[in-house]
Every structure is written in structure tokens, then in C-alpha cells.
Amino acid sequence: MAKICMVVSEGTFDKAYMPLIMANTAAASGDEVHIFYSFFGTKLVTKKANPKLPGMFRLFTGMFQKKMKAVGIGNYMETFKQAQELGVNFYACSTTMDLMGVKKEDLLPNVKVLGAAAFLKLAVESEATLFIG
Amino acid sequence: MAKICMVVSEGTFDKAYMPLIMANTAAASGDEVHIFYSFFGTKLVTKKANPKLPGMFRLFTGMFQKKMKAVGIGNYMETFKQAQELGVNFYACSTTMDLMGVKKEDLLPNVKVLGAAAFLKLAVESEATLFIG
Amino acid sequence: MAKICMVVSEGTFDKAYMPLIMANTAAASGDEVHIFYSFFGTKLVTKKANPKLPGMFRLFTGMFQKKMKAVGIGNYMETFKQAQELGVNFYACSTTMDLMGVKKEDLLPNVKVLGAAAFLKLAVESEATLFIG
């Protein structure tokens, strides 16, 4: 069992799914996983989360989603809920919530508000820290 | 006290502020912090540094800056100087300085020039390494 | 000797070269290096790999390439082969190969197919894990 910590600071489709897929894989084999959402990533832990592919790939988001279904990966909210059921811990960065106009009541259930100091403590204690982008 | 190492390879507003905010938080509680600037990140440790939000968000940089002031975060140069006063160590990647056309005299005071081998040594010795993007 | 692990999820020029330059530096001094390619990064370990600078910088890729030659860094395929000769280990993410339409026969020689669970094991065992972007 290891402690794994991730940071997500961008809100695109790829940066939304990668931490969830890795978190679910890790949590399913007993690892303790913490994901911290900052800057543009913060919207991914709100009720309105609906990530799109970046830049000119944006229009292909639906096609990607279909391909993911074919390999057994559900839509974003399903994958997020699966992570929570597996015990993955989700945090929104308190400093950037203000900047991004995200309020506590906008957050998805069981997403905790965390400051930079507490996050860094998690990172230092973890066996692997992945700053997803 | 922990040793924390970060890499910044992009030059946008979000990638400029995140390492400084985390570095200042860590350094204020006694951690040793090292930040290595590479590729597009290199310009963030030059005297002309003036990061903007990425892509179509670019025009909102001033608005963001105001919001940051409201939560107690100064402008880029102020936040950078604060980090230096707290003892945060800044490095420009020697390989990419040549590529980006950045000369030693363009660097902000006390920014050291460092090669990839020396950076990797820092990363291996650190309790947490964050590749910001 | 340390164990260093990297992830590449974007396919641009900067995200293509940074892991190779660091990997070659590390491997040359005896470190064990593993690089895992996921999402848009997957195309970087295919025979058609030909990374360009991101966004509006795209047109300057050739100019950058020339500057890199001047500081002793070869083209992408040369740098990749050098890494393999130095013993760097390359992996394509099995989940995203399907998504990106990359087949096993499209991969460059000696690139292994790896799942998320096996990658996370590598990350946890490494002294430094760099998620390049």
C-alpha cells in the first residue's frame, strides 16, 4: 500500500480523466489517493464539471467519449463517483476557489477545501506525487 | 522540514504563480525550496517577466490580478521577491537559455544557471518534486 | 544510482524533448530511467513521431531545431535512439493507445505496452517522478 498524491491545475478532458483513471487503479489495489484541484482544475470538482478536449481538439470530445465507453471508461461524473466509492480523497484549493469564483456550495459532495500548506504536507508524505498539468 | 523541488517549463500566468505561492507557503514554514525554470518557463526568471493567462483567457489577466490582490497575493515581481526573501532558490536551465535567447545578464538577481544533471540530483534528493507544467 | 520515472501526456516539441534530454543526462550517469507515454504523448513513441512547438509557436519549430543542433542536441529520432542506447525504458499507456488509435505495430522498436497499475508501481518505487505535462 502506498500513498499517492496528484495535482490538477488545468480543466481539459485529458487532465480531467488521467488522475481519475490512475486514482481508480491505485485505490482498487489498496493505495491511499489524494487529488488536489487548483486554478483551472478547480471547476472539475464542481457540479457543473463538463471537461472538453483542449484547443482545436474540442470538437472531438464526444467522439473520444464514445471511444472511452468502448474500453470500459464511463463519463466524467460516473468515473468521479467511482473514485469516491473507492475512497479517493478530493480537495479544492482554497486560494484559487476565490480566484475562479467557485463557492463551497458549488463543489461536488465530499470535496474538501484545502490550503497550500496542507497540500504540501500531503505531497511530502506521499511515495509518488504527480502534478498532472 | 522537507526539501521540495519544482520545475516550470511554461510561461503563463497560472504556471508562473502556482510555484511561487507553494514555495512561499513551504519556505515560510521552514522547508527548503528549489525551483528550476526550463523552456518557455525560462522567461519567468528574467527582468522582462510579465506572465499572461493562456490562450483566450489572456485578456482577463488584469482582472485575475485584481482578484489576487483582493486575496492578499501581490503582482508577479512582488511575489517573486518575497520568495527570494524567504530563501527560495531559483535556477534557469542552462540548455534552454541558449534556445530561448536568454543571457546571464537578462536573469533576475540571484537566479543561478543550472544544468540538467544538477537539477536531477536535486529532484532525487527532494521529498516532493512537482513538475508544474 | 537512482530510479527516475517520467510521464508525458502532451505531444508538443517541448514536452517531447524535455524528458529525453533529462533521461539521457540521467542514464549517462548510471540512473535507471522509465518514461511512460499517455494521451497525446502516445504519438511520440510511434514511427510517425514529429513533434511541433505548441500553438502559435508551431511555425518556429524548424528554427528551434536549428538552435538545438547548435547546442549539440540532435533531431527527435536521433535523441530518442540515443536514449534507447543508453538503456532508457519506454512505455506506451495501454488504455490510451486504443483511444488515440495507436496499434502495437505503430510503436517504435522496444517500446513496451504498459497499464496504469504497472506504471504506478514504477512511480512509487522511483526516487523522482516527473509528470512532464
# chains A, B, ... in the order shown; residues from 1 in each chain; ligands from 1

call {"tool": "select_by_dssp", "arguments": {"residues": "chain A", "states": "alpha helix (DSSP H)", "output": "number ranges by chain"}}
result
A: 13-28, 61-70, 76-85, 94-100, 116-125

call {"tool": "closest_atom_pairs", "arguments": {"of": "chain C", "to": "chain B", "cutoff": "8 Å", "atoms": "only C-alpha atoms", "output": "JSON lines"}}
result
{"residue": "C:Ala2", "atom": "CA", "partner": "B:Val124", "partner_atom": "CA", "distance": 7.1}
{"residue": "C:Ile4", "atom": "CA", "partner": "B:Val124", "partner_atom": "CA", "distance": 7.8}
{"residue": "C:Asp14", "atom": "CA", "partner": "B:Phe39", "partner_atom": "CA", "distance": 6.9}
{"residue": "C:Ile21", "atom": "CA", "partner": "B:Ala116", "partner_atom": "CA", "distance": 7.8}
{"residue": "C:Met22", "atom": "CA", "partner": "B:Ala116", "partner_atom": "CA", "distance": 6.1}
{"residue": "C:Thr25", "atom": "CA", "partner": "B:Ala117", "partner_atom": "CA", "distance": 5.9}
{"residue": "C:Ala26", "atom": "CA", "partner": "B:Ala117", "partner_atom": "CA", "distance": 6.6}
{"residue": "C:Phe64", "atom": "CA", "partner": "B:Leu99", "partner_atom": "CA", "distance": 6.8}
{"residue": "C:Lys67", "atom": "CA", "partner": "B:Leu99", "partner_atom": "CA", "distance": 5.9}
{"residue": "C:Met68", "atom": "CA", "partner": "B:Leu99", "partner_atom": "CA", "distance": 6.6}
{"residue": "C:Val71", "atom": "CA", "partner": "B:Thr95", "partner_atom": "CA", "distance": 7.6}
{"residue": "C:Glu127", "atom": "CA", "partner": "B:Val124", "partner_atom": "CA", "distance": 5.3}
{"residue": "C:Ala128", "atom": "CA", "partner": "B:Val124", "partner_atom": "CA", "distance": 5.1}
{"residue": "C:Thr129", "atom": "CA", "partner": "B:Thr129", "partner_atom": "CA", "distance": 7.1}
{"residue": "C:Leu130", "atom": "CA", "partner": "B:Phe131", "partner_atom": "CA", "distance": 5.7}
{"residue": "C:Phe131", "atom": "CA", "partner": "B:Phe131", "partner_atom": "CA", "distance": 5.9}
{"residue": "C:Ile132", "atom": "CA", "partner": "B:Phe131", "partner_atom": "CA", "distance": 6.1}
{"residue": "C:Gly133", "atom": "CA", "partner": "B:Gly133", "partner_atom": "CA", "distance": 5.2}

call {"tool": "calpha_fit_and_write", "arguments": {"fixed": "chain C", "moving": "chain B", "output": "short mmCIF file (atom, residue, chain, number, x, y, z; two decimals) with N, CA and C atoms, in the first residue's frame"}}
result
data_model
loop_
_atom_site.label_atom_id
_atom_site.label_comp_id
_atom_site.auth_asym_id
_atom_site.auth_seq_id
_atom_site.Cartn_x
_atom_site.Cartn_y
_atom_site.Cartn_z
N MET B 1 23.27 5.91 -7.88
CA MET B 1 22.28 5.49 -8.88
C MET B 1 20.86 5.61 -8.34
N ALA B 2 20.03 6.28 -9.10
CA ALA B 2 18.64 6.46 -8.68
C ALA B 2 17.71 5.91 -9.75
N LYS B 3 16.44 5.74 -9.35
CA LYS B 3 15.42 5.32 -10.29
C LYS B 3 14.54 6.53 -10.57
N ILE B 4 14.44 6.92 -11.83
CA ILE B 4 13.69 8.12 -12.20
C ILE B 4 12.58 7.73 -13.18
N CYS B 5 11.41 8.27 -12.94
CA CYS B 5 10.24 7.91 -13.73
C CYS B 5 9.59 9.18 -14.28
N MET B 6 9.19 9.17 -15.55
CA MET B 6 8.55 10.35 -16.13
C MET B 6 7.27 9.95 -16.86
N VAL B 7 6.34 10.91 -16.95
CA VAL B 7 5.12 10.71 -17.73
C VAL B 7 5.02 11.84 -18.74
N VAL B 8 4.61 11.51 -19.96
CA VAL B 8 4.43 12.51 -21.00
C VAL B 8 3.03 12.34 -21.58
N SER B 9 2.17 13.34 -21.40
CA SER B 9 0.79 13.21 -21.88
C SER B 9 0.44 14.24 -22.95
N GLU B 10 1.42 15.06 -23.35
CA GLU B 10 1.22 16.02 -24.42
C GLU B 10 2.21 15.71 -25.53
N GLY B 11 1.90 16.13 -26.76
CA GLY B 11 2.74 15.69 -27.87
C GLY B 11 3.56 16.79 -28.52
N THR B 12 3.65 17.95 -27.84
CA THR B 12 4.39 19.07 -28.45
C THR B 12 5.90 18.92 -28.30
N PHE B 13 6.61 19.71 -29.10
CA PHE B 13 8.07 19.73 -29.18
C PHE B 13 8.74 19.83 -27.80
N ASP B 14 8.29 20.78 -26.99
CA ASP B 14 8.90 21.00 -25.68
C ASP B 14 8.69 19.78 -24.76
N LYS B 15 7.45 19.22 -24.79
CA LYS B 15 7.16 18.06 -23.94
C LYS B 15 7.81 16.80 -24.51
N ALA B 16 8.19 16.83 -25.78
CA ALA B 16 8.85 15.69 -26.41
C ALA B 16 10.33 15.65 -26.03
N TYR B 17 10.99 16.82 -26.07
CA TYR B 17 12.42 16.88 -25.84
C TYR B 17 12.83 16.86 -24.36
N MET B 18 12.05 17.55 -23.51
CA MET B 18 12.47 17.65 -22.11
C MET B 18 12.72 16.29 -21.47
N PRO B 19 11.78 15.31 -21.59
CA PRO B 19 12.06 14.02 -20.95
C PRO B 19 13.28 13.34 -21.55
N LEU B 20 13.48 13.46 -22.88
CA LEU B 20 14.63 12.79 -23.50
C LEU B 20 15.95 13.40 -23.03
N ILE B 21 16.00 14.73 -22.97
CA ILE B 21 17.24 15.40 -22.53
C ILE B 21 17.54 15.01 -21.08
N MET B 22 16.51 15.03 -20.23
CA MET B 22 16.73 14.65 -18.84
C MET B 22 17.08 13.17 -18.72
N ALA B 23 16.38 12.32 -19.49
CA ALA B 23 16.63 10.88 -19.45
C ALA B 23 18.06 10.57 -19.88
N ASN B 24 18.53 11.22 -20.95
CA ASN B 24 19.88 10.94 -21.45
C ASN B 24 20.93 11.40 -20.44
N THR B 25 20.66 12.54 -19.82
CA THR B 25 21.59 13.04 -18.79
C THR B 25 21.64 12.05 -17.63
N ALA B 26 20.48 11.61 -17.16
CA ALA B 26 20.41 10.69 -16.02
C ALA B 26 21.03 9.33 -16.36
N ALA B 27 20.64 8.78 -17.51
CA ALA B 27 21.12 7.46 -17.90
C ALA B 27 22.64 7.45 -18.11
N ALA B 28 23.16 8.56 -18.63
CA ALA B 28 24.60 8.65 -18.86
C ALA B 28 25.38 8.60 -17.56
N SER B 29 24.75 9.00 -16.44
CA SER B 29 25.47 8.91 -15.17
C SER B 29 24.99 7.71 -14.34
N GLY B 30 24.37 6.74 -15.01
CA GLY B 30 24.07 5.47 -14.36
C GLY B 30 22.69 5.32 -13.75
N ASP B 31 21.83 6.33 -13.87
CA ASP B 31 20.48 6.19 -13.31
C ASP B 31 19.61 5.29 -14.19
N GLU B 32 18.61 4.70 -13.55
CA GLU B 32 17.63 3.85 -14.26
C GLU B 32 16.43 4.74 -14.58
N VAL B 33 16.09 4.84 -15.87
CA VAL B 33 15.04 5.79 -16.26
C VAL B 33 13.89 5.08 -16.99
N HIS B 34 12.66 5.44 -16.61
CA HIS B 34 11.45 4.89 -17.23
C HIS B 34 10.56 6.05 -17.70
N ILE B 35 10.15 6.02 -18.98
CA ILE B 35 9.24 7.08 -19.46
C ILE B 35 7.95 6.44 -19.99
N PHE B 36 6.84 6.95 -19.46
CA PHE B 36 5.51 6.41 -19.76
C PHE B 36 4.75 7.45 -20.59
N TYR B 37 4.29 7.06 -21.79
CA TYR B 37 3.60 7.97 -22.69
C TYR B 37 2.10 7.70 -22.70
N SER B 38 1.33 8.75 -22.44
CA SER B 38 -0.12 8.61 -22.31
C SER B 38 -0.83 9.69 -23.13
N PHE B 39 -2.11 9.55 -23.36
CA PHE B 39 -2.92 10.53 -24.11
C PHE B 39 -2.17 11.09 -25.34
N PHE B 40 -2.10 12.40 -25.49
CA PHE B 40 -1.48 12.99 -26.69
C PHE B 40 0.02 12.69 -26.78
N GLY B 41 0.60 12.25 -25.67
CA GLY B 41 2.02 11.90 -25.67
C GLY B 41 2.29 10.60 -26.41
N THR B 42 1.25 9.74 -26.53
CA THR B 42 1.43 8.41 -27.11
C THR B 42 2.04 8.46 -28.52
N LYS B 43 1.67 9.48 -29.29
CA LYS B 43 2.19 9.54 -30.66
C LYS B 43 3.71 9.76 -30.72
N LEU B 44 4.30 10.23 -29.60
CA LEU B 44 5.75 10.46 -29.55
C LEU B 44 6.56 9.17 -29.56
N VAL B 45 5.92 8.03 -29.28
CA VAL B 45 6.65 6.76 -29.35
C VAL B 45 6.17 5.91 -30.53
N THR B 46 5.62 6.59 -31.55
CA THR B 46 5.26 5.89 -32.79
C THR B 46 6.24 6.27 -33.90
N LYS B 47 6.21 5.48 -34.95
CA LYS B 47 7.14 5.70 -36.07
C LYS B 47 6.89 7.03 -36.78
N LYS B 48 5.68 7.57 -36.62
CA LYS B 48 5.34 8.84 -37.27
C LYS B 48 5.62 10.08 -36.41
N ALA B 49 6.25 9.88 -35.26
CA ALA B 49 6.50 10.99 -34.33
C ALA B 49 7.24 12.14 -35.01
N ASN B 50 6.72 13.35 -34.90
CA ASN B 50 7.33 14.52 -35.50
C ASN B 50 6.81 15.75 -34.77
N PRO B 51 7.25 15.92 -33.50
CA PRO B 51 6.66 16.97 -32.66
C PRO B 51 6.92 18.40 -33.12
N LYS B 52 5.89 19.23 -32.97
CA LYS B 52 5.97 20.66 -33.32
C LYS B 52 5.80 21.49 -32.04
N LEU B 53 6.26 22.72 -32.08
CA LEU B 53 6.03 23.64 -30.95
C LEU B 53 4.53 23.89 -30.81
N PRO B 54 4.07 24.22 -29.59
CA PRO B 54 2.62 24.40 -29.38
C PRO B 54 2.08 25.73 -29.91
N GLY B 55 0.79 25.73 -30.24
CA GLY B 55 0.04 26.93 -30.61
C GLY B 55 0.67 27.77 -31.69
N MET B 56 0.76 29.04 -31.44
CA MET B 56 1.26 29.98 -32.45
C MET B 56 2.77 29.89 -32.64
N PHE B 57 3.45 29.13 -31.76
CA PHE B 57 4.89 28.93 -31.90
C PHE B 57 5.22 27.86 -32.95
N ARG B 58 4.16 27.13 -33.37
CA ARG B 58 4.31 26.00 -34.29
C ARG B 58 5.25 26.28 -35.48
N LEU B 59 5.08 27.46 -36.08
CA LEU B 59 5.85 27.84 -37.26
C LEU B 59 7.35 28.00 -36.99
N PHE B 60 7.70 28.14 -35.71
CA PHE B 60 9.10 28.34 -35.36
C PHE B 60 9.84 27.05 -35.03
N THR B 61 9.15 25.92 -35.24
CA THR B 61 9.75 24.63 -34.87
C THR B 61 11.10 24.40 -35.56
N GLY B 62 11.17 24.70 -36.86
CA GLY B 62 12.41 24.48 -37.61
C GLY B 62 13.56 25.32 -37.06
N MET B 63 13.23 26.56 -36.71
CA MET B 63 14.22 27.48 -36.16
C MET B 63 14.78 26.96 -34.83
N PHE B 64 13.85 26.46 -34.01
CA PHE B 64 14.22 25.88 -32.72
C PHE B 64 15.14 24.67 -32.91
N GLN B 65 14.74 23.85 -33.88
CA GLN B 65 15.51 22.65 -34.17
C GLN B 65 16.96 23.01 -34.53
N LYS B 66 17.12 24.06 -35.32
CA LYS B 66 18.46 24.51 -35.71
C LYS B 66 19.27 24.97 -34.50
N LYS B 67 18.60 25.74 -33.63
CA LYS B 67 19.26 26.22 -32.41
C LYS B 67 19.70 25.04 -31.55
N MET B 68 18.85 24.01 -31.50
CA MET B 68 19.18 22.83 -30.69
C MET B 68 20.39 22.11 -31.26
N LYS B 69 20.44 22.03 -32.58
CA LYS B 69 21.60 21.40 -33.24
C LYS B 69 22.88 22.14 -32.82
N ALA B 70 22.76 23.49 -32.77
CA ALA B 70 23.92 24.31 -32.42
C ALA B 70 24.42 24.04 -31.00
N VAL B 71 23.52 23.63 -30.09
CA VAL B 71 23.97 23.31 -28.72
C VAL B 71 24.18 21.81 -28.53
N GLY B 72 24.20 21.06 -29.65
CA GLY B 72 24.58 19.65 -29.57
C GLY B 72 23.44 18.67 -29.36
N ILE B 73 22.19 19.11 -29.59
CA ILE B 73 21.05 18.20 -29.45
C ILE B 73 20.52 17.85 -30.84
N GLY B 74 20.48 16.55 -31.15
CA GLY B 74 20.06 16.11 -32.48
C GLY B 74 18.58 16.23 -32.69
N ASN B 75 18.08 15.73 -33.83
CA ASN B 75 16.64 15.78 -34.07
C ASN B 75 15.93 14.76 -33.17
N TYR B 76 14.60 14.76 -33.23
CA TYR B 76 13.85 13.94 -32.28
C TYR B 76 14.23 12.46 -32.35
N MET B 77 14.24 11.90 -33.54
CA MET B 77 14.51 10.46 -33.66
C MET B 77 15.93 10.12 -33.22
N GLU B 78 16.88 10.99 -33.52
CA GLU B 78 18.26 10.76 -33.07
C GLU B 78 18.35 10.75 -31.54
N THR B 79 17.66 11.74 -30.93
CA THR B 79 17.71 11.86 -29.46
C THR B 79 17.01 10.67 -28.81
N PHE B 80 15.92 10.21 -29.45
CA PHE B 80 15.19 9.03 -28.96
C PHE B 80 16.07 7.78 -29.03
N LYS B 81 16.75 7.59 -30.17
CA LYS B 81 17.62 6.41 -30.34
C LYS B 81 18.77 6.43 -29.34
N GLN B 82 19.30 7.63 -29.12
CA GLN B 82 20.39 7.79 -28.15
C GLN B 82 19.92 7.33 -26.77
N ALA B 83 18.69 7.72 -26.41
CA ALA B 83 18.11 7.32 -25.12
C ALA B 83 18.02 5.80 -25.02
N GLN B 84 17.57 5.17 -26.11
CA GLN B 84 17.45 3.71 -26.08
C GLN B 84 18.82 3.04 -25.93
N GLU B 85 19.83 3.60 -26.63
CA GLU B 85 21.18 3.05 -26.52
C GLU B 85 21.73 3.18 -25.09
N LEU B 86 21.27 4.25 -24.40
CA LEU B 86 21.71 4.47 -23.01
C LEU B 86 20.90 3.64 -22.02
N GLY B 87 19.91 2.86 -22.54
CA GLY B 87 19.15 1.97 -21.66
C GLY B 87 17.87 2.55 -21.07
N VAL B 88 17.45 3.71 -21.56
CA VAL B 88 16.20 4.30 -21.07
C VAL B 88 15.03 3.40 -21.49
N ASN B 89 14.07 3.18 -20.58
CA ASN B 89 12.92 2.31 -20.86
C ASN B 89 11.70 3.13 -21.29
N PHE B 90 11.10 2.74 -22.42
CA PHE B 90 9.96 3.47 -22.96
C PHE B 90 8.70 2.62 -22.92
N TYR B 91 7.58 3.26 -22.51
CA TYR B 91 6.29 2.56 -22.41
C TYR B 91 5.17 3.38 -23.02
N ALA B 92 4.26 2.71 -23.73
CA ALA B 92 3.03 3.36 -24.19
C ALA B 92 1.90 2.89 -23.29
N CYS B 93 1.03 3.82 -22.89
CA CYS B 93 -0.10 3.51 -22.00
C CYS B 93 -1.15 2.69 -22.76
N SER B 94 -1.41 1.50 -22.25
CA SER B 94 -2.32 0.58 -22.96
C SER B 94 -3.73 1.18 -23.12
N THR B 95 -4.23 1.86 -22.10
CA THR B 95 -5.59 2.42 -22.16
C THR B 95 -5.71 3.47 -23.26
N THR B 96 -4.73 4.37 -23.32
CA THR B 96 -4.87 5.45 -24.30
C THR B 96 -4.45 5.06 -25.71
N MET B 97 -3.71 3.96 -25.87
CA MET B 97 -3.41 3.51 -27.24
C MET B 97 -4.70 3.30 -28.01
N ASP B 98 -5.66 2.63 -27.36
CA ASP B 98 -6.96 2.41 -27.98
C ASP B 98 -7.63 3.74 -28.35
N LEU B 99 -7.62 4.67 -27.40
CA LEU B 99 -8.27 5.97 -27.60
C LEU B 99 -7.63 6.76 -28.74
N MET B 100 -6.31 6.71 -28.80
CA MET B 100 -5.57 7.51 -29.79
C MET B 100 -5.44 6.78 -31.13
N GLY B 101 -5.96 5.56 -31.20
CA GLY B 101 -5.86 4.80 -32.46
C GLY B 101 -4.44 4.36 -32.77
N VAL B 102 -3.64 4.10 -31.73
CA VAL B 102 -2.26 3.65 -31.93
C VAL B 102 -2.21 2.14 -31.73
N LYS B 103 -1.68 1.43 -32.74
CA LYS B 103 -1.58 -0.03 -32.65
C LYS B 103 -0.16 -0.44 -32.25
N LYS B 104 -0.03 -1.68 -31.77
CA LYS B 104 1.28 -2.15 -31.31
C LYS B 104 2.34 -2.03 -32.41
N GLU B 105 1.90 -2.30 -33.68
CA GLU B 105 2.87 -2.26 -34.79
C GLU B 105 3.24 -0.82 -35.20
N ASP B 106 2.51 0.17 -34.67
CA ASP B 106 2.86 1.57 -34.94
C ASP B 106 3.99 2.07 -34.04
N LEU B 107 4.21 1.34 -32.93
CA LEU B 107 5.20 1.80 -31.94
C LEU B 107 6.63 1.65 -32.44
N LEU B 108 7.49 2.53 -31.99
CA LEU B 108 8.92 2.43 -32.29
C LEU B 108 9.48 1.16 -31.64
N PRO B 109 10.59 0.63 -32.17
CA PRO B 109 11.15 -0.62 -31.63
C PRO B 109 11.44 -0.51 -30.13
N ASN B 110 11.20 -1.60 -29.41
CA ASN B 110 11.50 -1.70 -27.97
C ASN B 110 10.65 -0.78 -27.08
N VAL B 111 9.55 -0.26 -27.60
CA VAL B 111 8.62 0.46 -26.74
C VAL B 111 7.62 -0.57 -26.22
N LYS B 112 7.53 -0.70 -24.90
CA LYS B 112 6.64 -1.71 -24.32
C LYS B 112 5.25 -1.12 -24.05
N VAL B 113 4.23 -1.96 -24.08
CA VAL B 113 2.88 -1.54 -23.74
C VAL B 113 2.68 -1.78 -22.24
N LEU B 114 2.21 -0.75 -21.52
CA LEU B 114 2.10 -0.87 -20.06
C LEU B 114 0.76 -0.31 -19.58
N GLY B 115 0.18 -0.95 -18.56
CA GLY B 115 -1.06 -0.46 -17.97
C GLY B 115 -0.81 0.52 -16.84
N ALA B 116 -1.88 1.20 -16.41
CA ALA B 116 -1.78 2.20 -15.35
C ALA B 116 -1.25 1.62 -14.04
N ALA B 117 -1.69 0.40 -13.70
CA ALA B 117 -1.27 -0.20 -12.43
C ALA B 117 0.24 -0.43 -12.40
N ALA B 118 0.78 -0.94 -13.50
CA ALA B 118 2.22 -1.20 -13.56
C ALA B 118 3.01 0.11 -13.56
N PHE B 119 2.46 1.13 -14.23
CA PHE B 119 3.14 2.43 -14.20
C PHE B 119 3.18 3.00 -12.78
N LEU B 120 2.05 2.93 -12.07
CA LEU B 120 1.99 3.49 -10.72
C LEU B 120 2.99 2.79 -9.80
N LYS B 121 3.19 1.49 -10.02
CA LYS B 121 4.18 0.75 -9.23
C LYS B 121 5.58 1.35 -9.48
N LEU B 122 5.89 1.61 -10.75
CA LEU B 122 7.17 2.24 -11.10
C LEU B 122 7.31 3.60 -10.41
N ALA B 123 6.22 4.39 -10.44
CA ALA B 123 6.26 5.74 -9.86
C ALA B 123 6.54 5.68 -8.36
N VAL B 124 5.86 4.74 -7.69
CA VAL B 124 6.02 4.62 -6.23
C VAL B 124 7.45 4.18 -5.86
N GLU B 125 8.03 3.34 -6.72
CA GLU B 125 9.39 2.84 -6.45
C GLU B 125 10.49 3.84 -6.79
N SER B 126 10.14 4.89 -7.55
CA SER B 126 11.16 5.82 -8.03
C SER B 126 11.55 6.88 -7.01
N GLU B 127 12.78 7.35 -7.09
CA GLU B 127 13.24 8.42 -6.20
C GLU B 127 12.70 9.76 -6.69
N ALA B 128 12.46 9.87 -8.00
CA ALA B 128 11.87 11.10 -8.52
C ALA B 128 10.90 10.75 -9.65
N THR B 129 9.70 11.29 -9.57
CA THR B 129 8.71 11.11 -10.64
C THR B 129 8.35 12.47 -11.20
N LEU B 130 8.53 12.62 -12.51
CA LEU B 130 8.25 13.91 -13.15
C LEU B 130 7.12 13.75 -14.16
N PHE B 131 6.01 14.39 -13.88
CA PHE B 131 4.89 14.37 -14.82
C PHE B 131 5.09 15.60 -15.71
N ILE B 132 5.70 15.38 -16.87
CA ILE B 132 6.19 16.48 -17.73
C ILE B 132 5.06 17.38 -18.23
N GLY B 133 3.88 16.82 -18.38
CA GLY B 133 2.76 17.66 -18.87
C GLY B 133 2.01 16.87 -19.91
#

call {"tool": "select_by_dssp", "arguments": {"residues": "stretch 26-128 of chain B", "states": "strand (DSSP E or B)", "output": "PyMOL selection string"}}
result
chain B and resi 32-37+46+89-93+107+111-114+128

call {"tool": "write_last_selection", "arguments": {"atoms": "C-alpha atoms", "output": "PDB file, in the first residue's frame"}}
result
ATOM      1  CA  GLU B  32      13.972  24.179   1.640  1.00  0.00           C
ATOM      2  CA  VAL B  33      12.616  25.003  -1.821  1.00  0.00           C
ATOM      3  CA  HIS B  34      14.281  24.840  -5.254  1.00  0.00           C
ATOM      4  CA  ILE B  35      12.592  25.981  -8.500  1.00  0.00           C
ATOM      5  CA  PHE B  36      14.095  25.121 -11.885  1.00  0.00           C
ATOM      6  CA  TYR B  37      12.917  27.075 -14.962  1.00  0.00           C
ATOM      7  CA  THR B  46      14.203  37.335 -16.462  1.00  0.00           C
ATOM      8  CA  ASN B  89      16.323  29.013  -4.618  1.00  0.00           C
ATOM      9  CA  PHE B  90      15.808  29.904  -8.288  1.00  0.00           C
ATOM     10  CA  TYR B  91      17.566  28.292 -11.274  1.00  0.00           C
ATOM     11  CA  ALA B  92      17.486  28.811 -15.035  1.00  0.00           C
ATOM     12  CA  CYS B  93      18.137  25.723 -17.193  1.00  0.00           C
ATOM     13  CA  LEU B 107      18.222  36.971 -15.380  1.00  0.00           C
ATOM     14  CA  VAL B 111      18.918  33.347 -10.193  1.00  0.00           C
ATOM     15  CA  LYS B 112      21.567  30.674 -10.734  1.00  0.00           C
ATOM     16  CA  VAL B 113      22.293  28.884 -14.013  1.00  0.00           C
ATOM     17  CA  LEU B 114      21.954  25.101 -13.613  1.00  0.00           C
ATOM     18  CA  ALA B 128       8.453  16.114  -3.181  1.00  0.00           C
TER      19      ALA B 128
END
